[in-house]
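Right, one structure below, let's go through it.
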Amino acid sequence: MRWITFLIVVLLSVPLYAQERTLDCRLLFNSDSVQLGQWYHLSPEDSIRIDAVRFYLTQYPNTPQHQAYLVDFAVPYTTHILYPDSSSQWLLGTDSLMNVGGALSGALDPMLGMFWAWHSGYINIKIEGVSMKCPTRNHRFQFHLGGYMAPNATAMPLRLSDETSVLEIDLGAFFQSIDLSKTNEVMSPGPLALSLTHAFYSSIQLKP
Amino acid sequence: MIKKPIWIGLMLLPLLSSTLWEKNRPVSFPQTISTLGYEGDSLNMIELGRMLFYDPILSADSSTSCASCHSVYNAFAHVDHDLSHGIRDQIGKRNAPGLFNLKWQSIFMWDGAVNHIDVQALAPITNPLEMGESLAHVVSKLSAQNHYRRNFTAVYGDSIITGERVLKAIAAFQLSLVSLASKYDHVMRGEDTFSMVEQKGYALFQQHCAACHREPLFTDHSFRNNGLPVDTTLNDWGRYTITLRSEDSLKFKVPSLRNVEYTFPYMHDGRFKTLYEVLGHYIGENKNAAEKDAALNLPFSLTSDEQTELVAFLLTLSDKEFVFNKAYGYRSSQNTITP
């Protein structure tokens, strides 16, 4: 009898740790998986190369357990997020309190190049690359999308259900909604940053 | 058994200490903006911040430190420079303001671009005309130096240098710069008296200037258009560049007038070399009369004597103790901070 009691006591004393979940972020162009630095041909006249995609995902509300994660497709391990299963509310971007909180640590450290020096606040999404349609120097396009002040606050809500394990971004849909020959450099908060953030947000699909 | 008088004495002790504090407390200063949330004010962190402040390693070619444009002898302004210069002799876009009493500010830079003291240093560090660096590269340069790794360990407990740790140390030093010992302060505390000329100047100041340059900080930290026509070689629209609201065009943060004797030339672009030129602007014909702040709408004139008196009062805002304070001067990063 004693050993049964012992076993029951042991099993009951196993601590109930918070479950951790994973989110796998994937970059697609229409339905093909995207590699940074590779050329894609959209049409005979139009080729595009994506050089950088970086964005923040923040588990909400902002508490010590809920963090901001910087997804950077140039750094593969950052695209697999391990997070505590304590809230299904998320933000694409950073919480407004983070934008006024001074120098923060970890994924929010300003040395990661995602904080504006000249206008305090986080760059929530960075998309950079080259397209033959851009009349810019070296045909580069650079979208640094941020801003936390109304009416151009760019953080957008995401709901991760119990089944969600994949976050897919279809850059094909994103680039379809903009004209790179006219819109190719956005480096400050404002209405244009907001509309591009909407376009990026709309290109996101959460899947099981 | 403890005797009654001793008990009474013990009860009165807190009263005595609060009286002593009252004597030295700055006269009716507003609350400091809270800087709590981290161990920011530890002496060691301030020391580390001081070392970084004076170290040109923060710039791309190791030529320019914070102190290059913010000199302690000039209340941390860049004396005799209308616009500051950075690496490779490039001339910048604005006048470097004096640095003091920052713990009473919640918004920084002439246009309010920076919303927290921790991230203010990012602006000059990354501006290509100033230090031309990236925070990540500064971190890697510091990490390669033994004495910095030692000193970061003394402050933070381990030798890992991050952007956050660098910025917080610099901010701790910036916040430690407090200027409250000018003749004006001594007079307000009853320890000194104004001369007759200074007293008249003070009355004129309260009448014509104090609406924006409010005592005791000598600024209300608001953004105002004081009637300066835009310099078309710079096209600096001030607060508008941050808020994108047309009503903010040509508004700049009201600077503190403390230490104004040391911080010439004046205004966001240093266009006035002397205080008399500044007064000339305020009493003269303002080309931007329509847009300037309502507080300046009432025209006023000053006789030559009155101008002398007003300037004499402004000179009482000079804090010699501040500019000669050894705790604010150069300290080599080769020194060791003991944990």
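Convention: chains lettered A, B, ... in structure tokens order; per-chain residue numbering from 1; ligands numbered from 1 as shown.
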
**Request:** For region 75-83 of chain A, list every protein, DNA or RNA residue within 10 Å, evaluated using only C-alpha atoms, and leave out those in the same chain fewer than 3 positions away; present the list as a PyMOL selection string.
**Result:** chain A and resi 18-27+54+57+59+65-67+69-72+86-87+165-167

Output the selection as a short mmCIF file (atom, residue, chain, number, x, y, z; two decimals), in the first residue's frame - N, CA, C and O atoms for each residue.
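The resulting result-v6.cif:
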```cif
data_model
loop_
_atom_site.label_atom_id
_atom_site.label_comp_id
_atom_site.auth_asym_id
_atom_site.auth_seq_id
_atom_site.Cartn_x
_atom_site.Cartn_y
_atom_site.Cartn_z
N ALA A 18 3.17 26.18 -16.86
CA ALA A 18 2.41 26.82 -17.94
C ALA A 18 2.80 26.18 -19.25
O ALA A 18 3.98 25.99 -19.52
N GLN A 19 1.82 25.90 -20.05
CA GLN A 19 2.12 25.28 -21.34
C GLN A 19 2.78 26.27 -22.26
O GLN A 19 2.48 27.46 -22.23
N GLU A 20 3.69 25.75 -23.07
CA GLU A 20 4.30 26.60 -24.05
C GLU A 20 3.80 26.19 -25.42
O GLU A 20 3.59 25.02 -25.69
N ARG A 21 3.63 27.19 -26.26
CA ARG A 21 3.16 26.91 -27.60
C ARG A 21 4.20 27.41 -28.60
O ARG A 21 5.05 28.22 -28.27
N THR A 22 4.07 26.94 -29.83
CA THR A 22 5.00 27.43 -30.85
C THR A 22 4.22 28.10 -31.97
O THR A 22 3.08 27.76 -32.26
N LEU A 23 4.89 29.09 -32.56
CA LEU A 23 4.34 29.75 -33.74
C LEU A 23 5.45 29.77 -34.78
O LEU A 23 6.53 30.28 -34.53
N ASP A 24 5.14 29.22 -35.92
CA ASP A 24 6.11 29.14 -36.99
C ASP A 24 5.76 30.21 -38.03
O ASP A 24 4.67 30.19 -38.60
N CYS A 25 6.69 31.18 -38.26
CA CYS A 25 6.41 32.26 -39.21
C CYS A 25 7.00 31.91 -40.56
O CYS A 25 8.15 31.49 -40.65
N ARG A 26 6.18 32.07 -41.60
CA ARG A 26 6.64 31.71 -42.95
C ARG A 26 6.40 32.84 -43.93
O ARG A 26 5.38 33.54 -43.87
N LEU A 27 7.34 32.94 -44.85
CA LEU A 27 7.26 34.00 -45.85
C LEU A 27 6.96 33.37 -47.20
O LEU A 27 7.66 32.46 -47.65
N ARG A 54 11.54 42.10 -41.38
CA ARG A 54 11.65 42.01 -39.92
C ARG A 54 10.40 42.67 -39.34
O ARG A 54 9.98 43.72 -39.83
N LEU A 57 6.16 40.95 -33.08
CA LEU A 57 4.91 40.38 -32.62
C LEU A 57 4.93 40.53 -31.10
O LEU A 57 5.93 40.17 -30.47
N GLN A 59 2.93 39.79 -27.47
CA GLN A 59 1.83 39.14 -26.78
C GLN A 59 1.21 40.17 -25.85
O GLN A 59 1.92 40.90 -25.15
N GLN A 65 5.52 38.38 -18.29
CA GLN A 65 5.62 37.12 -19.05
C GLN A 65 5.37 37.34 -20.53
O GLN A 65 5.79 36.52 -21.34
N HIS A 66 4.64 38.39 -20.85
CA HIS A 66 4.30 38.60 -22.25
C HIS A 66 5.35 39.48 -22.89
O HIS A 66 5.53 40.63 -22.50
N GLN A 67 5.96 38.95 -23.89
CA GLN A 67 7.08 39.68 -24.46
C GLN A 67 6.79 40.17 -25.86
O GLN A 67 5.80 39.80 -26.48
N TYR A 69 8.46 39.87 -29.61
CA TYR A 69 9.36 39.00 -30.35
C TYR A 69 9.71 39.68 -31.66
O TYR A 69 8.82 40.19 -32.35
N LEU A 70 11.00 39.69 -31.99
CA LEU A 70 11.40 40.28 -33.27
C LEU A 70 11.63 39.14 -34.25
O LEU A 70 12.58 38.37 -34.11
N VAL A 71 10.72 39.03 -35.20
CA VAL A 71 10.85 38.00 -36.24
C VAL A 71 11.71 38.58 -37.35
O VAL A 71 11.40 39.63 -37.90
N ASP A 72 12.80 37.91 -37.66
CA ASP A 72 13.72 38.39 -38.69
C ASP A 72 14.03 37.23 -39.60
O ASP A 72 14.70 36.27 -39.18
N SER A 86 -0.53 31.94 -22.16
CA SER A 86 -1.33 32.66 -21.16
C SER A 86 -2.20 33.74 -21.78
O SER A 86 -2.96 34.39 -21.10
N SER A 87 -2.05 33.99 -23.05
CA SER A 87 -2.94 34.98 -23.68
C SER A 87 -2.98 34.73 -25.17
O SER A 87 -1.95 34.48 -25.80
N SER A 165 -0.74 27.45 -35.30
CA SER A 165 0.67 27.17 -35.10
C SER A 165 1.53 27.76 -36.21
O SER A 165 2.74 27.71 -36.15
N VAL A 166 0.87 28.34 -37.21
CA VAL A 166 1.62 28.91 -38.33
C VAL A 166 1.11 30.31 -38.64
O VAL A 166 -0.09 30.58 -38.62
N LEU A 167 2.06 31.21 -38.88
CA LEU A 167 1.72 32.57 -39.33
C LEU A 167 2.35 32.74 -40.69
O LEU A 167 3.58 32.69 -40.82
#
```

Can you list every residue in region 49-228 of chain B that DSSP puts in helix (DSSP H, G or I), as a compact mmCIF listing (two decimals) with N, CA, C and O atoms, in the first residue's frame?
```
# COMPACT_ATOMS: atom_id res chain seq x y z
N GLY B 49 28.25 56.38 -17.24
CA GLY B 49 27.65 57.31 -18.20
C GLY B 49 28.57 58.48 -18.47
O GLY B 49 28.71 58.94 -19.61
N ARG B 50 29.25 58.95 -17.43
CA ARG B 50 30.20 60.07 -17.59
C ARG B 50 31.34 59.67 -18.51
O ARG B 50 31.74 60.41 -19.39
N MET B 51 31.85 58.46 -18.30
CA MET B 51 32.95 57.99 -19.15
C MET B 51 32.51 57.93 -20.61
O MET B 51 33.24 58.36 -21.52
N LEU B 52 31.31 57.41 -20.83
CA LEU B 52 30.80 57.30 -22.20
C LEU B 52 30.57 58.68 -22.81
O LEU B 52 30.85 58.90 -23.99
N PHE B 53 30.09 59.61 -21.98
CA PHE B 53 29.80 60.97 -22.44
C PHE B 53 31.04 61.64 -23.01
O PHE B 53 30.98 62.38 -23.99
N PRO B 56 35.06 59.65 -27.38
CA PRO B 56 34.74 59.75 -28.81
C PRO B 56 34.56 58.40 -29.50
O PRO B 56 34.24 58.36 -30.68
N ILE B 57 34.72 57.32 -28.75
CA ILE B 57 34.49 55.99 -29.34
C ILE B 57 33.04 55.85 -29.82
O ILE B 57 32.72 55.00 -30.65
N LEU B 58 32.16 56.74 -29.32
CA LEU B 58 30.77 56.69 -29.74
C LEU B 58 30.59 57.16 -31.19
O LEU B 58 29.51 56.99 -31.76
N CYS B 66 30.16 63.18 -26.94
CA CYS B 66 29.04 64.05 -26.55
C CYS B 66 29.60 65.40 -26.12
O CYS B 66 29.05 66.47 -26.44
N ALA B 67 30.74 65.34 -25.40
CA ALA B 67 31.33 66.56 -24.86
C ALA B 67 31.85 67.49 -25.95
O ALA B 67 32.10 68.67 -25.69
N SER B 68 32.03 66.97 -27.16
CA SER B 68 32.49 67.83 -28.26
C SER B 68 31.51 68.96 -28.51
O SER B 68 31.90 70.06 -28.90
N VAL B 72 31.16 71.16 -20.49
CA VAL B 72 30.77 71.46 -19.10
C VAL B 72 30.97 72.94 -18.77
O VAL B 72 30.17 73.53 -18.03
N TYR B 73 32.03 73.57 -19.33
CA TYR B 73 32.32 74.97 -18.99
C TYR B 73 31.26 75.92 -19.52
O TYR B 73 31.21 77.08 -19.13
N ASN B 74 30.46 75.42 -20.45
CA ASN B 74 29.41 76.25 -21.03
C ASN B 74 28.05 75.68 -20.71
O ASN B 74 27.14 75.72 -21.54
N ILE B 87 31.34 64.59 -37.07
CA ILE B 87 32.49 63.92 -37.70
C ILE B 87 32.77 64.51 -39.07
O ILE B 87 31.88 65.02 -39.74
N ARG B 88 34.04 64.44 -39.47
CA ARG B 88 34.49 64.93 -40.78
C ARG B 88 34.10 66.39 -41.01
O ARG B 88 33.82 66.80 -42.14
N ASP B 89 34.08 67.15 -39.93
CA ASP B 89 33.82 68.60 -40.03
C ASP B 89 32.48 68.95 -40.67
O ASP B 89 32.32 70.05 -41.20
N LEU B 102 17.51 68.05 -16.47
CA LEU B 102 16.76 67.22 -17.41
C LEU B 102 15.75 66.33 -16.70
O LEU B 102 14.81 65.84 -17.33
N LYS B 103 15.94 66.12 -15.40
CA LYS B 103 15.00 65.24 -14.72
C LYS B 103 13.64 65.89 -14.52
O LYS B 103 12.70 65.25 -14.08
N TRP B 104 13.54 67.17 -14.92
CA TRP B 104 12.25 67.83 -14.88
C TRP B 104 11.60 67.91 -16.26
O TRP B 104 10.57 68.53 -16.44
N ILE B 117 14.36 60.19 -21.83
CA ILE B 117 15.77 60.53 -21.74
C ILE B 117 16.67 59.36 -22.13
O ILE B 117 17.74 59.55 -22.71
N ASP B 118 16.23 58.12 -21.85
CA ASP B 118 17.04 56.95 -22.18
C ASP B 118 17.43 56.90 -23.64
O ASP B 118 18.49 56.40 -23.99
N VAL B 119 16.53 57.33 -24.51
CA VAL B 119 16.81 57.16 -25.94
C VAL B 119 17.25 58.46 -26.61
O VAL B 119 17.38 58.54 -27.82
N LEU B 122 20.58 58.30 -28.63
CA LEU B 122 20.50 57.64 -29.94
C LEU B 122 20.54 58.64 -31.08
O LEU B 122 21.07 58.36 -32.15
N ALA B 123 19.94 59.81 -30.85
CA ALA B 123 19.81 60.79 -31.94
C ALA B 123 21.18 61.29 -32.42
O ALA B 123 21.51 61.15 -33.60
N PRO B 124 22.03 61.85 -31.54
CA PRO B 124 23.34 62.28 -32.04
C PRO B 124 24.24 61.11 -32.44
O PRO B 124 25.01 61.24 -33.39
N ILE B 125 24.13 59.98 -31.75
CA ILE B 125 25.00 58.84 -32.09
C ILE B 125 24.75 58.39 -33.52
O ILE B 125 25.68 58.05 -34.26
N THR B 126 23.50 58.37 -33.95
CA THR B 126 23.20 57.82 -35.28
C THR B 126 23.05 58.87 -36.37
O THR B 126 22.97 58.53 -37.54
N LEU B 135 24.15 52.08 -33.05
CA LEU B 135 24.28 51.63 -31.67
C LEU B 135 24.90 50.24 -31.60
O LEU B 135 25.71 49.95 -30.73
N ALA B 136 24.54 49.41 -32.56
CA ALA B 136 25.09 48.04 -32.56
C ALA B 136 26.61 48.08 -32.70
O ALA B 136 27.32 47.33 -32.03
N HIS B 137 27.12 48.96 -33.56
CA HIS B 137 28.57 49.03 -33.74
C HIS B 137 29.26 49.63 -32.53
O HIS B 137 30.37 49.22 -32.16
N VAL B 138 28.61 50.59 -31.90
CA VAL B 138 29.17 51.15 -30.66
C VAL B 138 29.30 50.04 -29.62
O VAL B 138 30.34 49.91 -28.96
N VAL B 139 28.26 49.22 -29.51
CA VAL B 139 28.29 48.11 -28.56
C VAL B 139 29.45 47.17 -28.86
O VAL B 139 30.16 46.72 -27.96
N SER B 140 29.67 46.89 -30.15
CA SER B 140 30.77 45.96 -30.44
C SER B 140 32.12 46.60 -30.18
O SER B 140 33.06 45.94 -29.72
N LYS B 141 32.26 47.91 -30.40
CA LYS B 141 33.54 48.58 -30.10
C LYS B 141 33.81 48.57 -28.59
O LYS B 141 34.93 48.33 -28.14
N LEU B 142 32.77 48.83 -27.80
CA LEU B 142 32.94 48.85 -26.35
C LEU B 142 33.26 47.45 -25.83
O LEU B 142 34.08 47.27 -24.93
N SER B 143 32.60 46.45 -26.43
CA SER B 143 32.81 45.07 -25.97
C SER B 143 34.23 44.60 -26.21
O SER B 143 34.70 43.67 -25.56
N ASN B 146 38.76 45.95 -22.76
CA ASN B 146 38.77 45.34 -21.42
C ASN B 146 38.24 46.26 -20.34
O ASN B 146 37.47 45.85 -19.48
N HIS B 147 38.68 47.53 -20.36
CA HIS B 147 38.28 48.41 -19.27
C HIS B 147 36.78 48.68 -19.30
O HIS B 147 36.17 48.84 -18.26
N TYR B 148 36.20 48.73 -20.49
CA TYR B 148 34.76 48.89 -20.53
C TYR B 148 34.04 47.65 -20.05
O TYR B 148 33.06 47.74 -19.32
N ARG B 149 34.55 46.48 -20.41
CA ARG B 149 33.89 45.24 -19.93
C ARG B 149 33.96 45.18 -18.42
O ARG B 149 32.99 44.82 -17.74
N ARG B 150 35.11 45.61 -17.86
CA ARG B 150 35.25 45.62 -16.40
C ARG B 150 34.26 46.58 -15.77
O ARG B 150 33.61 46.27 -14.78
N ASN B 151 34.14 47.76 -16.36
CA ASN B 151 33.27 48.78 -15.77
C ASN B 151 31.80 48.46 -15.94
O ASN B 151 30.98 48.75 -15.07
N PHE B 152 31.44 47.83 -17.06
CA PHE B 152 30.04 47.41 -17.22
C PHE B 152 29.71 46.32 -16.20
O PHE B 152 28.60 46.27 -15.68
N THR B 153 30.69 45.45 -15.94
CA THR B 153 30.47 44.41 -14.92
C THR B 153 30.24 45.05 -13.56
O THR B 153 29.36 44.63 -12.80
N ALA B 154 31.03 46.08 -13.24
CA ALA B 154 30.88 46.74 -11.94
C ALA B 154 29.49 47.34 -11.79
O ALA B 154 28.92 47.38 -10.71
N VAL B 155 28.92 47.80 -12.90
CA VAL B 155 27.61 48.46 -12.84
C VAL B 155 26.46 47.46 -12.97
O VAL B 155 25.47 47.54 -12.24
N TYR B 156 26.58 46.53 -13.92
CA TYR B 156 25.45 45.67 -14.24
C TYR B 156 25.59 44.24 -13.76
O TYR B 156 24.68 43.44 -13.94
N GLY B 163 22.84 47.58 -26.10
CA GLY B 163 22.41 48.93 -26.43
C GLY B 163 21.68 49.55 -25.25
O GLY B 163 21.91 50.71 -24.87
N GLU B 164 20.81 48.75 -24.64
CA GLU B 164 20.03 49.25 -23.49
C GLU B 164 20.95 49.72 -22.37
O GLU B 164 20.76 50.80 -21.79
N ARG B 165 21.99 48.93 -22.07
CA ARG B 165 22.88 49.26 -20.95
C ARG B 165 23.70 50.51 -21.24
O ARG B 165 23.94 51.33 -20.36
N VAL B 166 24.12 50.66 -22.50
CA VAL B 166 24.88 51.85 -22.87
C VAL B 166 24.00 53.09 -22.71
O VAL B 166 24.39 54.09 -22.10
N LEU B 167 22.79 53.00 -23.25
CA LEU B 167 21.90 54.16 -23.23
C LEU B 167 21.49 54.53 -21.80
O LEU B 167 21.42 55.72 -21.46
N LYS B 168 21.23 53.54 -20.97
CA LYS B 168 20.80 53.84 -19.60
C LYS B 168 21.92 54.50 -18.81
O LYS B 168 21.68 55.38 -17.99
N ALA B 169 23.16 54.10 -19.07
CA ALA B 169 24.28 54.70 -18.35
C ALA B 169 24.44 56.17 -18.76
O ALA B 169 24.61 57.06 -17.91
N ILE B 170 24.35 56.43 -20.06
CA ILE B 170 24.46 57.82 -20.51
C ILE B 170 23.32 58.65 -19.93
O ILE B 170 23.53 59.78 -19.46
N ALA B 171 22.12 58.08 -19.92
CA ALA B 171 20.96 58.80 -19.38
C ALA B 171 21.15 59.08 -17.90
O ALA B 171 20.77 60.16 -17.40
N ALA B 172 21.74 58.13 -17.16
CA ALA B 172 21.97 58.35 -15.73
C ALA B 172 22.87 59.56 -15.51
O ALA B 172 22.64 60.38 -14.62
N PHE B 173 23.91 59.69 -16.34
CA PHE B 173 24.80 60.84 -16.22
C PHE B 173 24.05 62.12 -16.58
O PHE B 173 24.12 63.14 -15.88
N GLN B 174 23.30 62.08 -17.67
CA GLN B 174 22.56 63.27 -18.09
C GLN B 174 21.61 63.73 -16.99
O GLN B 174 21.49 64.93 -16.70
N LEU B 175 20.94 62.79 -16.35
CA LEU B 175 19.97 63.15 -15.31
C LEU B 175 20.66 63.71 -14.06
O LEU B 175 20.06 64.44 -13.29
N SER B 176 21.96 63.35 -13.89
CA SER B 176 22.65 63.80 -12.69
C SER B 176 23.05 65.28 -12.77
O SER B 176 23.45 65.88 -11.78
N LYS B 183 22.98 82.78 -8.55
CA LYS B 183 22.70 83.87 -7.61
C LYS B 183 21.19 83.97 -7.40
O LYS B 183 20.72 84.18 -6.27
N TYR B 184 20.43 83.79 -8.48
CA TYR B 184 18.95 83.83 -8.37
C TYR B 184 18.48 82.83 -7.32
O TYR B 184 17.64 83.14 -6.48
N ASP B 185 19.04 81.61 -7.35
CA ASP B 185 18.64 80.58 -6.39
C ASP B 185 18.99 81.00 -4.97
O ASP B 185 18.19 80.81 -4.04
N HIS B 186 20.19 81.55 -4.81
CA HIS B 186 20.59 82.00 -3.46
C HIS B 186 19.66 83.10 -2.97
O HIS B 186 19.28 83.13 -1.80
N VAL B 187 19.28 83.99 -3.87
CA VAL B 187 18.35 85.08 -3.48
C VAL B 187 17.00 84.49 -3.08
O VAL B 187 16.43 84.88 -2.07
N MET B 188 16.51 83.53 -3.87
CA MET B 188 15.20 82.92 -3.58
C MET B 188 15.21 82.17 -2.25
O MET B 188 14.18 82.03 -1.60
N MET B 196 20.30 96.57 -7.11
CA MET B 196 19.14 97.37 -7.55
C MET B 196 18.84 97.12 -9.03
O MET B 196 17.69 96.97 -9.43
N VAL B 197 19.90 97.06 -9.82
CA VAL B 197 19.73 96.84 -11.27
C VAL B 197 19.11 95.47 -11.53
O VAL B 197 18.19 95.32 -12.33
N GLU B 198 19.63 94.47 -10.81
CA GLU B 198 19.13 93.10 -11.00
C GLU B 198 17.67 93.00 -10.55
O GLU B 198 16.86 92.34 -11.19
N GLN B 199 17.33 93.69 -9.47
CA GLN B 199 15.96 93.66 -8.97
C GLN B 199 15.00 94.24 -9.99
O GLN B 199 13.93 93.70 -10.23
N LYS B 200 15.41 95.34 -10.62
CA LYS B 200 14.56 95.96 -11.65
C LYS B 200 14.43 95.01 -12.84
O LYS B 200 13.36 94.86 -13.42
N GLY B 201 15.55 94.36 -13.15
CA GLY B 201 15.55 93.40 -14.26
C GLY B 201 14.60 92.24 -13.98
O GLY B 201 13.89 91.77 -14.86
N TYR B 202 14.58 91.81 -12.74
CA TYR B 202 13.71 90.71 -12.33
C TYR B 202 12.24 91.09 -12.53
O TYR B 202 11.43 90.31 -13.03
N ALA B 203 11.91 92.32 -12.15
CA ALA B 203 10.53 92.80 -12.32
C ALA B 203 10.16 92.82 -13.80
O ALA B 203 9.06 92.42 -14.19
N LEU B 204 11.08 93.28 -14.62
CA LEU B 204 10.82 93.32 -16.08
C LEU B 204 10.67 91.90 -16.62
O LEU B 204 9.83 91.63 -17.47
N PHE B 205 11.50 91.00 -16.09
CA PHE B 205 11.44 89.60 -16.53
C PHE B 205 10.07 89.00 -16.22
O PHE B 205 9.44 88.37 -17.06
N GLN B 206 9.62 89.25 -15.00
CA GLN B 206 8.33 88.68 -14.61
C GLN B 206 7.19 89.25 -15.45
O GLN B 206 6.23 88.57 -15.75
N GLN B 207 7.37 90.48 -15.87
CA GLN B 207 6.33 91.13 -16.66
C GLN B 207 6.32 90.64 -18.10
O GLN B 207 5.26 90.40 -18.67
N HIS B 208 7.50 90.49 -18.71
CA HIS B 208 7.57 90.26 -20.16
C HIS B 208 7.99 88.87 -20.59
O HIS B 208 7.77 88.49 -21.73
```

**Asked** Which polymer residues have any atom within 12 Å of an atom of Pro151 (chain A), counting only C-alpha atoms, with same-chain residues fewer than 3 positions away left out, as a ChimeraX atom specification?
**Response** /A:147-148,154-155,189-195 /B:243-245

**Item:** Contacts of Ala199 (chain A) within 9 Å, only C-alpha atoms, excl. fewer than 5 positions in-chain, as a list of chain:residue names
**Value:** A:Ala173, A:Phe174, A:Phe175, A:Ser177, A:Ile178, A:Leu194

Please, could you write that set of residues out with C-alpha atoms as a compact mmCIF listing (two decimals), in the first residue's frame?
```txt
# COMPACT_ATOMS: atom_id res chain seq x y z
CA ALA A 173 -0.59 40.01 -51.84
CA PHE A 174 1.37 42.82 -50.14
CA PHE A 175 3.15 43.94 -53.32
CA SER A 177 -1.61 46.36 -53.30
CA ILE A 178 1.17 48.90 -53.89
CA LEU A 194 -0.38 53.17 -41.72
```

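If you look at CA of Met131 (chain B) and CA of Ala117 (chain A), they are 12.4 Å away from each other.
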
**Request:** Quick one: pull the distance between CA of Trp237 (chain B) and CA of Pro299 (chain B), Å, one decimal.
**Result:** 24.6 Å

**Request:** Report the distance between CA of Gln334 (chain B) and CA of Leu104 (chain A) in Å, rounded to one decimal place.
**Result:**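 Between CA of Gln334 (chain B) and CA of Leu104 (chain A) the gap works out to 27.3 Å.
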
**Request:** Starting from chain A, keep only residues with some atom at most 10 Å from an atom of chain B, counting only C-alpha atoms, and report them as a PyMOL selection string.
**Result:** chain A and resi 99-106+108-113+115-121+149+188-190

**region 1-172 of chain A: residues DSSP assigns to strand (DSSP E), reported as JSON, numbers by chain** = {"A": [20, 21, 22, 23, 24, 25, 26, 27, 28, 29, 32, 33, 39, 40, 41, 42, 43, 46, 47, 48, 49, 50, 51, 52, 53, 54, 55, 56, 57, 58, 59, 68, 69, 70, 71, 72, 80, 81, 82, 83, 84, 89, 90, 91, 92, 123, 124, 125, 126, 127, 128, 129, 130, 131, 140, 141, 142, 143, 144, 145, 146, 156, 157, 158, 159, 166, 167, 168, 169, 170]}

Keeping only C-alpha atoms, write those residues as a CSV table (one decimal), in the first residue's frame.
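That gives us selection01.csv:
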```csv
chain,number,residue,atom,x,y,z
A,20,GLU,CA,4.3,26.6,-24.1
A,21,ARG,CA,3.2,26.9,-27.6
A,22,THR,CA,5.0,27.4,-30.8
A,23,LEU,CA,4.3,29.7,-33.7
A,24,ASP,CA,6.1,29.1,-37.0
A,25,CYS,CA,6.4,32.3,-39.2
A,26,ARG,CA,6.6,31.7,-42.9
A,27,LEU,CA,7.3,34.0,-45.8
A,28,LEU,CA,5.5,33.3,-49.1
A,29,PHE,CA,5.2,34.9,-52.5
A,32,ASP,CA,5.9,29.8,-53.1
A,33,SER,CA,8.2,30.0,-50.1
A,39,TRP,CA,15.2,37.2,-57.6
A,40,TYR,CA,11.5,36.5,-58.4
A,41,HIS,CA,10.0,37.3,-61.7
A,42,LEU,CA,6.5,38.7,-61.4
A,43,SER,CA,6.1,39.4,-65.1
A,46,ASP,CA,9.0,43.1,-63.4
A,47,SER,CA,11.5,41.3,-61.1
A,48,ILE,CA,11.8,41.7,-57.4
A,49,ARG,CA,14.3,40.7,-54.8
A,50,ILE,CA,13.4,40.7,-51.1
A,51,ASP,CA,16.4,41.5,-48.9
A,52,ALA,CA,14.9,42.0,-45.5
A,53,VAL,CA,11.7,41.3,-43.7
A,54,ARG,CA,11.7,42.0,-39.9
A,55,PHE,CA,8.7,42.7,-37.7
A,56,TYR,CA,7.5,42.6,-34.1
A,57,LEU,CA,4.9,40.4,-32.6
A,58,THR,CA,3.9,41.3,-29.1
A,59,GLN,CA,1.8,39.1,-26.8
A,68,ALA,CA,7.8,41.3,-27.8
A,69,TYR,CA,9.4,39.0,-30.4
A,70,LEU,CA,11.4,40.3,-33.3
A,71,VAL,CA,10.8,38.0,-36.2
A,72,ASP,CA,13.7,38.4,-38.7
A,80,HIS,CA,10.0,29.9,-34.6
A,81,ILE,CA,8.5,31.5,-31.5
A,82,LEU,CA,8.1,29.7,-28.3
A,83,TYR,CA,5.6,31.5,-26.1
A,84,PRO,CA,3.7,31.0,-22.8
A,89,GLN,CA,-4.2,38.3,-27.8
A,90,TRP,CA,-1.3,39.6,-29.8
A,91,LEU,CA,-0.2,42.6,-31.7
A,92,LEU,CA,1.5,42.9,-35.0
A,123,ILE,CA,9.8,50.5,-36.4
A,124,ASN,CA,7.2,47.8,-36.3
A,125,ILE,CA,7.8,46.3,-39.7
A,126,LYS,CA,10.8,46.6,-42.0
A,127,ILE,CA,10.6,45.4,-45.6
A,128,GLU,CA,13.6,46.1,-47.9
A,129,GLY,CA,14.6,44.9,-51.3
A,130,VAL,CA,15.1,45.7,-55.0
A,131,SER,CA,12.6,46.0,-57.8
A,140,ARG,CA,15.9,49.9,-53.8
A,141,PHE,CA,12.7,50.0,-51.9
A,142,GLN,CA,12.7,50.5,-48.1
A,143,PHE,CA,9.6,50.4,-46.0
A,144,HIS,CA,10.2,51.2,-42.3
A,145,LEU,CA,6.7,51.2,-40.9
A,146,GLY,CA,6.1,52.4,-37.4
A,156,MET,CA,-2.7,45.8,-35.2
A,157,PRO,CA,-4.5,43.1,-33.2
A,158,LEU,CA,-4.0,39.4,-33.9
A,159,ARG,CA,-5.8,36.6,-32.3
A,166,VAL,CA,1.6,28.9,-38.3
A,167,LEU,CA,1.7,32.6,-39.3
A,168,GLU,CA,2.0,33.0,-43.1
A,169,ILE,CA,2.8,36.2,-44.8
A,170,ASP,CA,2.0,36.4,-48.5
```

**Item:** Distance criterion (only C-alpha atoms): nearest to Asn226 (chain B) out of B:Ala211, B:Ile46, B:Ala295, B:Ala144
**Value:** B:Ala295

**Item:** From B:Phe252, B:Phe100, B:Phe194, B:Tyr54, residue lying nearest Ser222 (chain B) [only C-alpha atoms]
**Value:** B:Phe252

**Asked** Got a sec: who's within 12 Å of Cys69 (chain B), counting only C-alpha atoms, leaving out chain neighbours fewer than 5 positions off, as a PyMOL selection string?
**Response** chain B and resi 53-54+56+63-64+74-87+91-92+94-99+124+130-131+263
